[in-house]
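S.K.: This is entry_26.cif (mmCIF, N, CA and C atoms).
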data_protein
#
loop_
_atom_site.label_atom_id
_atom_site.label_comp_id
_atom_site.auth_asym_id
_atom_site.auth_seq_id
_atom_site.Cartn_x
_atom_site.Cartn_y
_atom_site.Cartn_z
N MET P 1 -9.69 7.54 -14.25
CA MET P 1 -10.78 7.39 -15.20
C MET P 1 -10.52 8.33 -16.38
N LYS P 2 -10.64 7.77 -17.56
CA LYS P 2 -10.43 8.55 -18.78
C LYS P 2 -11.73 9.25 -19.17
N THR P 3 -11.58 10.50 -19.68
CA THR P 3 -12.77 11.20 -20.17
C THR P 3 -13.06 10.75 -21.59
N PRO P 4 -14.35 10.60 -21.94
CA PRO P 4 -14.69 10.18 -23.29
C PRO P 4 -14.20 11.22 -24.32
N PHE P 5 -13.97 10.74 -25.52
CA PHE P 5 -13.42 11.56 -26.60
C PHE P 5 -14.27 12.79 -26.89
N LEU P 6 -15.59 12.64 -26.86
CA LEU P 6 -16.48 13.75 -27.20
C LEU P 6 -16.48 14.86 -26.15
N TYR P 7 -16.04 14.57 -24.95
CA TYR P 7 -16.10 15.57 -23.89
C TYR P 7 -14.78 16.30 -23.67
N LYS P 8 -13.78 16.03 -24.48
CA LYS P 8 -12.54 16.77 -24.36
C LYS P 8 -12.76 18.20 -24.84
N LYS P 9 -12.09 19.14 -24.20
CA LYS P 9 -12.29 20.56 -24.52
C LYS P 9 -11.89 20.88 -25.96
N SER P 10 -10.81 20.35 -26.43
CA SER P 10 -10.38 20.66 -27.79
C SER P 10 -11.37 20.13 -28.83
N THR P 11 -11.94 18.95 -28.59
CA THR P 11 -12.92 18.38 -29.52
C THR P 11 -14.19 19.23 -29.54
N LEU P 12 -14.63 19.69 -28.37
CA LEU P 12 -15.83 20.54 -28.31
C LEU P 12 -15.59 21.87 -29.02
N LYS P 13 -14.42 22.45 -28.86
CA LYS P 13 -14.11 23.73 -29.50
C LYS P 13 -14.08 23.58 -31.02
N ILE P 14 -13.46 22.54 -31.51
CA ILE P 14 -13.39 22.32 -32.96
C ILE P 14 -14.78 22.08 -33.53
N THR P 15 -15.58 21.27 -32.84
CA THR P 15 -16.95 20.98 -33.29
C THR P 15 -17.79 22.26 -33.30
N ALA P 16 -17.66 23.09 -32.27
CA ALA P 16 -18.41 24.34 -32.20
C ALA P 16 -18.00 25.28 -33.33
N CYS P 17 -16.71 25.34 -33.64
CA CYS P 17 -16.24 26.20 -34.75
C CYS P 17 -16.79 25.72 -36.08
N ILE P 18 -16.77 24.43 -36.31
CA ILE P 18 -17.27 23.87 -37.58
C ILE P 18 -18.77 24.13 -37.71
N LEU P 19 -19.53 23.92 -36.65
CA LEU P 19 -20.98 24.16 -36.69
C LEU P 19 -21.27 25.66 -36.88
N GLY P 20 -20.56 26.51 -36.18
CA GLY P 20 -20.76 27.94 -36.30
C GLY P 20 -20.45 28.44 -37.70
N TYR P 21 -19.35 27.98 -38.26
CA TYR P 21 -18.97 28.37 -39.62
C TYR P 21 -20.00 27.88 -40.64
N SER P 22 -20.50 26.66 -40.46
CA SER P 22 -21.51 26.10 -41.38
C SER P 22 -22.79 26.92 -41.34
N VAL P 23 -23.24 27.29 -40.16
CA VAL P 23 -24.44 28.11 -40.04
C VAL P 23 -24.22 29.47 -40.68
N TRP P 24 -23.04 30.06 -40.48
CA TRP P 24 -22.72 31.36 -41.05
C TRP P 24 -22.74 31.31 -42.58
N ILE P 25 -22.18 30.25 -43.17
CA ILE P 25 -22.16 30.10 -44.64
C ILE P 25 -23.58 30.01 -45.18
N VAL P 26 -24.41 29.19 -44.55
CA VAL P 26 -25.78 29.01 -45.03
C VAL P 26 -26.57 30.32 -44.91
N MET P 27 -26.44 31.01 -43.81
CA MET P 27 -27.18 32.25 -43.61
C MET P 27 -26.68 33.38 -44.51
N SER P 28 -25.39 33.47 -44.73
CA SER P 28 -24.87 34.57 -45.53
C SER P 28 -25.13 34.38 -47.02
N SER P 29 -25.31 33.16 -47.48
CA SER P 29 -25.58 32.94 -48.91
C SER P 29 -26.97 33.42 -49.31
N SER P 30 -27.91 33.48 -48.39
CA SER P 30 -29.25 33.94 -48.72
C SER P 30 -29.44 35.42 -48.39
N TYR P 31 -28.46 36.05 -47.79
CA TYR P 31 -28.54 37.47 -47.45
C TYR P 31 -28.51 38.31 -48.72
N PRO P 32 -29.45 39.26 -48.88
CA PRO P 32 -29.48 40.06 -50.12
C PRO P 32 -28.33 41.07 -50.17
N ILE P 33 -27.73 41.20 -51.35
CA ILE P 33 -26.68 42.18 -51.58
C ILE P 33 -27.00 42.96 -52.85
N THR P 34 -26.32 44.07 -53.02
CA THR P 34 -26.49 44.91 -54.20
C THR P 34 -25.14 45.07 -54.87
N THR P 35 -25.13 44.99 -56.20
CA THR P 35 -23.89 45.17 -56.95
C THR P 35 -24.18 45.92 -58.25
N CYS P 36 -23.14 46.52 -58.81
CA CYS P 36 -23.28 47.26 -60.07
C CYS P 36 -22.69 46.46 -61.22
N LEU P 37 -23.37 46.49 -62.36
CA LEU P 37 -22.92 45.80 -63.56
C LEU P 37 -23.00 46.75 -64.74
N ARG P 38 -22.13 46.59 -65.70
CA ARG P 38 -22.21 47.31 -66.97
C ARG P 38 -22.76 46.29 -67.97
N ALA P 39 -23.99 46.52 -68.41
CA ALA P 39 -24.68 45.55 -69.26
C ALA P 39 -24.83 46.08 -70.68
N PRO P 40 -24.53 45.25 -71.68
CA PRO P 40 -24.77 45.66 -73.07
C PRO P 40 -26.27 45.68 -73.37
N VAL P 41 -26.65 46.50 -74.34
CA VAL P 41 -28.06 46.61 -74.75
C VAL P 41 -28.21 45.90 -76.10
N TYR P 42 -29.12 44.92 -76.15
CA TYR P 42 -29.40 44.17 -77.37
C TYR P 42 -30.87 44.32 -77.75
N PHE P 43 -31.14 44.29 -79.06
CA PHE P 43 -32.50 44.37 -79.58
C PHE P 43 -32.82 43.08 -80.32
N TYR P 44 -34.05 42.62 -80.19
CA TYR P 44 -34.49 41.46 -80.95
C TYR P 44 -35.79 41.80 -81.68
N ASN P 45 -36.13 41.01 -82.68
CA ASN P 45 -37.27 41.27 -83.58
C ASN P 45 -37.11 42.60 -84.31
N VAL P 46 -35.90 42.83 -84.79
CA VAL P 46 -35.61 44.08 -85.49
C VAL P 46 -35.92 43.91 -86.98
N SER P 47 -36.73 44.82 -87.52
CA SER P 47 -37.06 44.82 -88.94
C SER P 47 -35.85 45.31 -89.72
N GLU P 48 -35.67 44.77 -90.92
CA GLU P 48 -34.54 45.17 -91.76
C GLU P 48 -34.69 46.60 -92.27
N GLN P 49 -35.89 47.16 -92.23
CA GLN P 49 -36.11 48.52 -92.72
C GLN P 49 -35.83 49.58 -91.65
N LEU P 50 -35.46 49.18 -90.45
CA LEU P 50 -35.27 50.13 -89.36
C LEU P 50 -33.80 50.27 -88.99
N THR P 51 -33.44 51.49 -88.59
CA THR P 51 -32.13 51.78 -88.04
C THR P 51 -32.33 52.17 -86.59
N ILE P 52 -31.59 51.55 -85.71
CA ILE P 52 -31.73 51.80 -84.28
C ILE P 52 -30.48 52.49 -83.77
N ASP P 53 -30.67 53.62 -83.09
CA ASP P 53 -29.57 54.34 -82.47
C ASP P 53 -29.84 54.36 -80.96
N ALA P 54 -28.99 53.66 -80.20
CA ALA P 54 -29.18 53.55 -78.76
C ALA P 54 -27.82 53.40 -78.09
N PRO P 55 -27.74 53.64 -76.79
CA PRO P 55 -26.47 53.43 -76.11
C PRO P 55 -26.06 51.95 -76.17
N ALA P 56 -24.76 51.72 -76.25
CA ALA P 56 -24.26 50.34 -76.34
C ALA P 56 -24.35 49.62 -75.00
N THR P 57 -24.17 50.35 -73.91
CA THR P 57 -24.22 49.75 -72.58
C THR P 57 -24.95 50.67 -71.61
N VAL P 58 -25.41 50.09 -70.53
CA VAL P 58 -25.99 50.84 -69.41
C VAL P 58 -25.41 50.29 -68.12
N ASN P 59 -25.37 51.14 -67.11
CA ASN P 59 -24.95 50.71 -65.78
C ASN P 59 -26.20 50.35 -65.00
N ILE P 60 -26.24 49.15 -64.46
CA ILE P 60 -27.40 48.75 -63.67
C ILE P 60 -26.93 48.30 -62.29
N GLN P 61 -27.76 48.58 -61.32
CA GLN P 61 -27.51 48.14 -59.96
C GLN P 61 -28.57 47.08 -59.66
N VAL P 62 -28.13 45.86 -59.39
CA VAL P 62 -29.06 44.76 -59.14
C VAL P 62 -28.96 44.33 -57.69
N CYS P 63 -30.08 43.80 -57.20
CA CYS P 63 -30.16 43.35 -55.82
C CYS P 63 -30.72 41.93 -55.82
N GLY P 64 -30.13 41.07 -55.01
CA GLY P 64 -30.59 39.69 -54.91
C GLY P 64 -29.78 38.92 -53.90
N PRO P 65 -30.11 37.63 -53.74
CA PRO P 65 -29.36 36.80 -52.79
C PRO P 65 -27.88 36.72 -53.18
N ARG P 66 -27.03 36.70 -52.18
CA ARG P 66 -25.58 36.68 -52.38
C ARG P 66 -25.16 35.50 -53.26
N SER P 67 -25.74 34.34 -53.05
CA SER P 67 -25.34 33.16 -53.83
C SER P 67 -25.65 33.33 -55.31
N VAL P 68 -26.74 34.01 -55.64
CA VAL P 68 -27.13 34.22 -57.04
C VAL P 68 -26.30 35.34 -57.66
N ILE P 69 -26.12 36.44 -56.94
CA ILE P 69 -25.37 37.58 -57.46
C ILE P 69 -23.92 37.19 -57.73
N ARG P 70 -23.33 36.34 -56.89
CA ARG P 70 -21.95 35.91 -57.11
C ARG P 70 -21.79 35.17 -58.42
N GLN P 71 -22.84 34.49 -58.87
CA GLN P 71 -22.76 33.71 -60.10
C GLN P 71 -22.99 34.56 -61.35
N LEU P 72 -23.52 35.79 -61.18
CA LEU P 72 -23.75 36.66 -62.33
C LEU P 72 -22.43 37.17 -62.88
N ARG P 73 -22.34 37.22 -64.18
CA ARG P 73 -21.17 37.80 -64.82
C ARG P 73 -21.66 38.98 -65.65
N ALA P 74 -20.92 40.06 -65.59
CA ALA P 74 -21.32 41.27 -66.31
C ALA P 74 -21.38 41.01 -67.81
N SER P 75 -20.50 40.16 -68.33
CA SER P 75 -20.49 39.90 -69.76
C SER P 75 -21.70 39.07 -70.20
N ALA P 76 -22.24 38.25 -69.31
CA ALA P 76 -23.38 37.41 -69.66
C ALA P 76 -24.71 38.11 -69.39
N THR P 77 -24.69 39.14 -68.59
CA THR P 77 -25.91 39.87 -68.27
C THR P 77 -26.10 40.97 -69.31
N ALA P 78 -27.22 40.95 -70.00
CA ALA P 78 -27.48 41.94 -71.03
C ALA P 78 -28.94 42.39 -70.94
N VAL P 79 -29.19 43.60 -71.41
CA VAL P 79 -30.54 44.14 -71.47
C VAL P 79 -31.10 43.79 -72.85
N HIS P 80 -32.23 43.09 -72.88
CA HIS P 80 -32.85 42.66 -74.14
C HIS P 80 -34.15 43.44 -74.34
N ILE P 81 -34.25 44.14 -75.48
CA ILE P 81 -35.41 44.99 -75.78
C ILE P 81 -36.06 44.50 -77.06
N ASN P 82 -37.38 44.32 -77.00
CA ASN P 82 -38.16 43.89 -78.16
C ASN P 82 -38.39 45.09 -79.07
N ALA P 83 -37.84 45.06 -80.28
CA ALA P 83 -37.93 46.19 -81.20
C ALA P 83 -39.34 46.39 -81.76
N THR P 84 -40.19 45.37 -81.72
CA THR P 84 -41.56 45.53 -82.23
C THR P 84 -42.39 46.45 -81.34
N GLU P 85 -41.96 46.66 -80.11
CA GLU P 85 -42.69 47.53 -79.19
C GLU P 85 -42.28 48.99 -79.33
N LEU P 86 -41.34 49.27 -80.21
CA LEU P 86 -40.84 50.63 -80.40
C LEU P 86 -41.50 51.26 -81.61
N HIS P 87 -41.66 52.57 -81.58
CA HIS P 87 -42.24 53.29 -82.71
C HIS P 87 -41.16 54.18 -83.33
N GLU P 88 -41.44 54.65 -84.53
CA GLU P 88 -40.49 55.51 -85.22
C GLU P 88 -40.35 56.83 -84.47
N GLY P 89 -39.12 57.30 -84.38
CA GLY P 89 -38.84 58.53 -83.63
C GLY P 89 -38.04 58.18 -82.38
N ILE P 90 -38.19 59.02 -81.36
CA ILE P 90 -37.44 58.81 -80.12
C ILE P 90 -38.32 58.10 -79.10
N ASN P 91 -37.80 57.02 -78.54
CA ASN P 91 -38.48 56.23 -77.52
C ASN P 91 -37.67 56.35 -76.23
N LYS P 92 -38.36 56.56 -75.12
CA LYS P 92 -37.71 56.55 -73.81
C LYS P 92 -38.22 55.32 -73.07
N ILE P 93 -37.29 54.44 -72.73
CA ILE P 93 -37.67 53.18 -72.10
C ILE P 93 -37.04 53.10 -70.72
N SER P 94 -37.85 52.76 -69.74
CA SER P 94 -37.36 52.51 -68.39
C SER P 94 -37.01 51.02 -68.30
N LEU P 95 -35.87 50.71 -67.74
CA LEU P 95 -35.45 49.32 -67.63
C LEU P 95 -36.25 48.59 -66.56
N SER P 96 -36.52 47.32 -66.81
CA SER P 96 -37.21 46.48 -65.84
C SER P 96 -36.46 45.16 -65.71
N SER P 97 -36.76 44.44 -64.66
CA SER P 97 -36.10 43.15 -64.42
C SER P 97 -36.45 42.13 -65.50
N ALA P 98 -37.59 42.31 -66.17
CA ALA P 98 -37.99 41.38 -67.23
C ALA P 98 -37.08 41.49 -68.44
N MET P 99 -36.39 42.62 -68.60
CA MET P 99 -35.49 42.81 -69.73
C MET P 99 -34.14 42.11 -69.53
N LEU P 100 -33.87 41.66 -68.32
CA LEU P 100 -32.63 40.94 -68.03
C LEU P 100 -32.92 39.45 -67.95
N PHE P 101 -32.04 38.65 -68.48
CA PHE P 101 -32.21 37.20 -68.37
C PHE P 101 -31.45 36.71 -67.16
N VAL P 102 -32.01 37.01 -65.99
CA VAL P 102 -31.43 36.61 -64.72
C VAL P 102 -32.50 35.88 -63.92
N PRO P 103 -32.13 35.17 -62.87
CA PRO P 103 -33.14 34.50 -62.05
C PRO P 103 -34.15 35.50 -61.49
N PRO P 104 -35.38 35.03 -61.22
CA PRO P 104 -36.42 35.95 -60.74
C PRO P 104 -36.13 36.57 -59.38
N THR P 105 -35.19 36.03 -58.63
CA THR P 105 -34.86 36.61 -57.33
C THR P 105 -33.98 37.85 -57.45
N VAL P 106 -33.48 38.13 -58.66
CA VAL P 106 -32.63 39.30 -58.90
C VAL P 106 -33.50 40.42 -59.48
N GLN P 107 -33.43 41.60 -58.88
CA GLN P 107 -34.23 42.74 -59.30
C GLN P 107 -33.32 43.91 -59.64
N ILE P 108 -33.76 44.74 -60.60
CA ILE P 108 -33.03 45.97 -60.91
C ILE P 108 -33.35 46.99 -59.82
N PHE P 109 -32.31 47.47 -59.17
CA PHE P 109 -32.47 48.45 -58.11
C PHE P 109 -32.43 49.86 -58.68
N GLU P 110 -31.49 50.08 -59.61
CA GLU P 110 -31.34 51.39 -60.22
C GLU P 110 -30.58 51.23 -61.54
N SER P 111 -30.79 52.15 -62.47
CA SER P 111 -30.05 52.11 -63.72
C SER P 111 -29.58 53.52 -64.08
N THR P 112 -28.43 53.57 -64.75
CA THR P 112 -27.88 54.84 -65.21
C THR P 112 -27.60 54.71 -66.68
N PRO P 113 -28.23 55.41 -67.54
CA PRO P 113 -29.26 56.42 -67.31
C PRO P 113 -30.58 55.77 -66.86
N ARG P 114 -31.42 56.55 -66.23
CA ARG P 114 -32.69 56.01 -65.72
C ARG P 114 -33.58 55.57 -66.88
N TYR P 115 -33.59 56.34 -67.97
CA TYR P 115 -34.35 56.00 -69.17
C TYR P 115 -33.37 55.88 -70.33
N ILE P 116 -33.55 54.84 -71.13
CA ILE P 116 -32.73 54.68 -72.33
C ILE P 116 -33.44 55.40 -73.47
N GLU P 117 -32.74 56.29 -74.14
CA GLU P 117 -33.31 56.97 -75.31
C GLU P 117 -32.90 56.20 -76.56
N ILE P 118 -33.91 55.76 -77.29
CA ILE P 118 -33.69 54.96 -78.49
C ILE P 118 -34.31 55.70 -79.66
N SER P 119 -33.51 55.95 -80.68
CA SER P 119 -33.98 56.63 -81.88
C SER P 119 -34.20 55.60 -82.98
N ILE P 120 -35.41 55.55 -83.51
CA ILE P 120 -35.77 54.61 -84.58
C ILE P 120 -36.04 55.41 -85.85
N THR P 121 -35.34 55.06 -86.92
CA THR P 121 -35.58 55.67 -88.23
C THR P 121 -35.69 54.57 -89.27
N LYS P 122 -36.42 54.89 -90.34
CA LYS P 122 -36.52 53.93 -91.45
C LYS P 122 -35.33 54.12 -92.37
N LYS P 123 -34.81 53.00 -92.87
CA LYS P 123 -33.70 53.07 -93.81
C LYS P 123 -34.21 53.58 -95.15
N ASP P 124 -33.34 54.30 -95.86
CA ASP P 124 -33.70 54.76 -97.19
C ASP P 124 -33.71 53.57 -98.14
N ALA P 125 -34.67 53.58 -99.04
CA ALA P 125 -34.74 52.51 -100.05
C ALA P 125 -33.60 52.72 -101.04
N PRO P 126 -33.11 51.67 -101.67
CA PRO P 126 -32.05 51.81 -102.67
C PRO P 126 -32.49 52.73 -103.80
N ALA P 127 -31.53 53.40 -104.44
CA ALA P 127 -31.82 54.39 -105.49
C ALA P 127 -32.54 53.75 -106.68
N ALA P 128 -32.19 52.52 -107.04
CA ALA P 128 -32.82 51.86 -108.18
C ALA P 128 -34.31 51.64 -107.91
N VAL P 129 -34.68 51.32 -106.71
CA VAL P 129 -36.08 51.11 -106.37
C VAL P 129 -36.82 52.44 -106.39
N ASN P 130 -36.20 53.50 -105.90
CA ASN P 130 -36.85 54.81 -105.91
C ASN P 130 -37.09 55.29 -107.33
N ALA P 131 -36.13 55.10 -108.23
CA ALA P 131 -36.29 55.53 -109.61
C ALA P 131 -37.39 54.74 -110.30
N HIS P 132 -37.50 53.46 -110.00
CA HIS P 132 -38.52 52.62 -110.63
C HIS P 132 -39.92 53.02 -110.15
N THR P 133 -40.05 53.33 -108.86
CA THR P 133 -41.37 53.68 -108.33
C THR P 133 -41.79 55.07 -108.77
N ALA P 134 -40.85 55.93 -109.13
CA ALA P 134 -41.19 57.28 -109.58
C ALA P 134 -41.82 57.26 -110.97
N LEU P 135 -41.56 56.23 -111.78
CA LEU P 135 -42.10 56.16 -113.14
C LEU P 135 -43.51 55.81 -113.12
#
Please rewrite the model in this file as structure tokens.
M.R.:
Amino acid sequence: MKTPFLYKKSTLKITACILGYSVWIVMSSSYPITTCLRAPVYFYNVSEQLTIDAPATVNIQVCGPRSVIRQLRASATAVHINATELHEGINKISLSSAMLFVPPTVQIFESTPRYIEISITKKDAPAAVNAHTAL
């Protein structure tokens, strides 16, 4: 009597390996991981009368599902800061996940420096305008 194809030991072993590997892939893709990125700092809504002095990049440690973190690229991840929320002088800003354009499942775990120091100054008016207003 011949044994059916499904009950052969080699077929069962191969099927068990394929099922085990499939379950492992699905479970590991949702497992949270942490990674470090060097992100550039960009400002938007910047007035032409202001000069902004801030660090060009910051180191951020992000945490999220493995499948999402693997798709992040350090060059595409940037910190975006609204310049209208800044005042003249020195501003200390703590980074938040809302400043990154990443999926909501990715959170900032830590940043270096912890606070970004941003110096805002007004640009000097051209000399011709100053001379005209003095008259």
S.K.: Residues at most 7 Å from P:Pro40, counting only N, CA and C atoms, excluding those fewer than 4 positions away in the same chain, as a PyMOL selection string?
M.R.: chain P and resi 55-58+74-75+77-80
S.K.: Can you pull out every residue within 6.5 Å of P:Ala54, counting all atoms listed in the file, but drop anything in the same chain fewer than 5 positions away, and send it as a PyMOL selection string?
M.R.: chain P and resi 117-119
S.K.: Let me see the file: selected residues, N, CA and C atoms, as a compact mmCIF listing (two decimals), in the coordinates of the input.
M.R.:
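again.txt was written with the following content:
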# COMPACT_ATOMS: atom_id res chain seq x y z
N GLU P 117 -32.74 56.29 -74.14
CA GLU P 117 -33.31 56.97 -75.31
C GLU P 117 -32.90 56.20 -76.56
N ILE P 118 -33.91 55.76 -77.29
CA ILE P 118 -33.69 54.96 -78.49
C ILE P 118 -34.31 55.70 -79.66
N SER P 119 -33.51 55.95 -80.68
CA SER P 119 -33.98 56.63 -81.88
C SER P 119 -34.20 55.60 -82.98
S.K.: As a VMD selection string, please: the residues near P:Thr105 (cut-off 12 Å, only C-alpha atoms, same-chain neighbours under 5 positions excluded).
M.R.: chain P and resid 30 to 33 62 to 69 97 to 98 100
S.K.: Enumerate, as a VMD selection string, the complete set of residues in chain P that a backbone-based DSSP assignment places in strand (DSSP E or B).
M.R.: chain P and resid 32 to 44 50 to 53 57 to 65 79 to 82 89 to 94 100 107 to 112 115 to 122
S.K.: On this structure, the PyMOL selection byres ((chain P and resi 59) around 6.5) would catch which residues? List them as a list in words, sorted by chain and number.
M.R.: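 Here the PyMOL selection byres ((chain P and resi 59) around 6.5) matches Cys36, Leu37, Arg38, Ala39, Thr57, Val58, Ile60, Gln61, Glu110, Ser111, Thr112 and Pro113 of chain P.
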S.K.: Interatomic distance between atom C of P:Gln49 and atom C of P:Lys122?
M.R.: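 Here the two named atoms are 4.6 Å from each other.
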S.K.: To one decimal place, how far is atom N of P:Asn91 from atom N of P:Glu48 in Å?
M.R.: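 Spanning atom N of P:Asn91 to atom N of P:Glu48 is a straight-line distance of 17.5 Å.
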S.K.: Quick one: pick out all alpha helix (DSSP H) residues within chain P from a backbone DSSP run and write them as a compact mmCIF listing (two decimals) with N, CA and C atoms, in the coordinates of the input.
M.R.:
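Wrote part_32.txt, looks like this:
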# COMPACT_ATOMS: atom_id res chain seq x y z
N LYS P 9 -12.09 19.14 -24.20
CA LYS P 9 -12.29 20.56 -24.52
C LYS P 9 -11.89 20.88 -25.96
N SER P 10 -10.81 20.35 -26.43
CA SER P 10 -10.38 20.66 -27.79
C SER P 10 -11.37 20.13 -28.83
N THR P 11 -11.94 18.95 -28.59
CA THR P 11 -12.92 18.38 -29.52
C THR P 11 -14.19 19.23 -29.54
N LEU P 12 -14.63 19.69 -28.37
CA LEU P 12 -15.83 20.54 -28.31
C LEU P 12 -15.59 21.87 -29.02
N LYS P 13 -14.42 22.45 -28.86
CA LYS P 13 -14.11 23.73 -29.50
C LYS P 13 -14.08 23.58 -31.02
N ILE P 14 -13.46 22.54 -31.51
CA ILE P 14 -13.39 22.32 -32.96
C ILE P 14 -14.78 22.08 -33.53
N THR P 15 -15.58 21.27 -32.84
CA THR P 15 -16.95 20.98 -33.29
C THR P 15 -17.79 22.26 -33.30
N ALA P 16 -17.66 23.09 -32.27
CA ALA P 16 -18.41 24.34 -32.20
C ALA P 16 -18.00 25.28 -33.33
N CYS P 17 -16.71 25.34 -33.64
CA CYS P 17 -16.24 26.20 -34.75
C CYS P 17 -16.79 25.72 -36.08
N ILE P 18 -16.77 24.43 -36.31
CA ILE P 18 -17.27 23.87 -37.58
C ILE P 18 -18.77 24.13 -37.71
N LEU P 19 -19.53 23.92 -36.65
CA LEU P 19 -20.98 24.16 -36.69
C LEU P 19 -21.27 25.66 -36.88
N GLY P 20 -20.56 26.51 -36.18
CA GLY P 20 -20.76 27.94 -36.30
C GLY P 20 -20.45 28.44 -37.70
N TYR P 21 -19.35 27.98 -38.26
CA TYR P 21 -18.97 28.37 -39.62
C TYR P 21 -20.00 27.88 -40.64
N SER P 22 -20.50 26.66 -40.46
CA SER P 22 -21.51 26.10 -41.38
C SER P 22 -22.79 26.92 -41.34
N VAL P 23 -23.24 27.29 -40.16
CA VAL P 23 -24.44 28.11 -40.04
C VAL P 23 -24.22 29.47 -40.68
N TRP P 24 -23.04 30.06 -40.48
CA TRP P 24 -22.72 31.36 -41.05
C TRP P 24 -22.74 31.31 -42.58
N ILE P 25 -22.18 30.25 -43.17
CA ILE P 25 -22.16 30.10 -44.64
C ILE P 25 -23.58 30.01 -45.18
N VAL P 26 -24.41 29.19 -44.55
CA VAL P 26 -25.78 29.01 -45.03
C VAL P 26 -26.57 30.32 -44.91
N MET P 27 -26.44 31.01 -43.81
CA MET P 27 -27.18 32.25 -43.61
C MET P 27 -26.68 33.38 -44.51
N SER P 28 -25.39 33.47 -44.73
CA SER P 28 -24.87 34.57 -45.53
C SER P 28 -25.13 34.38 -47.02
N SER P 29 -25.31 33.16 -47.48
CA SER P 29 -25.58 32.94 -48.91
C SER P 29 -26.97 33.42 -49.31
N ARG P 66 -27.03 36.70 -52.18
CA ARG P 66 -25.58 36.68 -52.38
C ARG P 66 -25.16 35.50 -53.26
N SER P 67 -25.74 34.34 -53.05
CA SER P 67 -25.34 33.16 -53.83
C SER P 67 -25.65 33.33 -55.31
N VAL P 68 -26.74 34.01 -55.64
CA VAL P 68 -27.13 34.22 -57.04
C VAL P 68 -26.30 35.34 -57.66
N ILE P 69 -26.12 36.44 -56.94
CA ILE P 69 -25.37 37.58 -57.46
C ILE P 69 -23.92 37.19 -57.73
N ARG P 70 -23.33 36.34 -56.89
CA ARG P 70 -21.95 35.91 -57.11
C ARG P 70 -21.79 35.17 -58.42
N GLN P 71 -22.84 34.49 -58.87
CA GLN P 71 -22.76 33.71 -60.10
C GLN P 71 -22.99 34.56 -61.35
N ALA P 127 -31.53 53.40 -104.44
CA ALA P 127 -31.82 54.39 -105.49
C ALA P 127 -32.54 53.75 -106.68
N ALA P 128 -32.19 52.52 -107.04
CA ALA P 128 -32.82 51.86 -108.18
C ALA P 128 -34.31 51.64 -107.91
N VAL P 129 -34.68 51.32 -106.71
CA VAL P 129 -36.08 51.11 -106.37
C VAL P 129 -36.82 52.44 -106.39
N ASN P 130 -36.20 53.50 -105.90
CA ASN P 130 -36.85 54.81 -105.91
C ASN P 130 -37.09 55.29 -107.33
N ALA P 131 -36.13 55.10 -108.23
CA ALA P 131 -36.29 55.53 -109.61
C ALA P 131 -37.39 54.74 -110.30
N HIS P 132 -37.50 53.46 -110.00
CA HIS P 132 -38.52 52.62 -110.63
C HIS P 132 -39.92 53.02 -110.15
N THR P 133 -40.05 53.33 -108.86
CA THR P 133 -41.37 53.68 -108.33
C THR P 133 -41.79 55.07 -108.77
N ALA P 134 -40.85 55.93 -109.13
CA ALA P 134 -41.19 57.28 -109.58
C ALA P 134 -41.82 57.26 -110.97
S.K.: Take the PyMOL selection byres ((chain P and resi 123) around 5), run it mentally on this structure, and tell me the resulting residues as number ranges by chain.
M.R.: P: 49-51, 121-122, 124-125
S.K.: Could you tell me how far atom N of P:Phe109 sits from atom N of P:Asn45, in Å to one decimal place?
M.R.: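 That distance, rounded to one decimal, is 24.7 Å.
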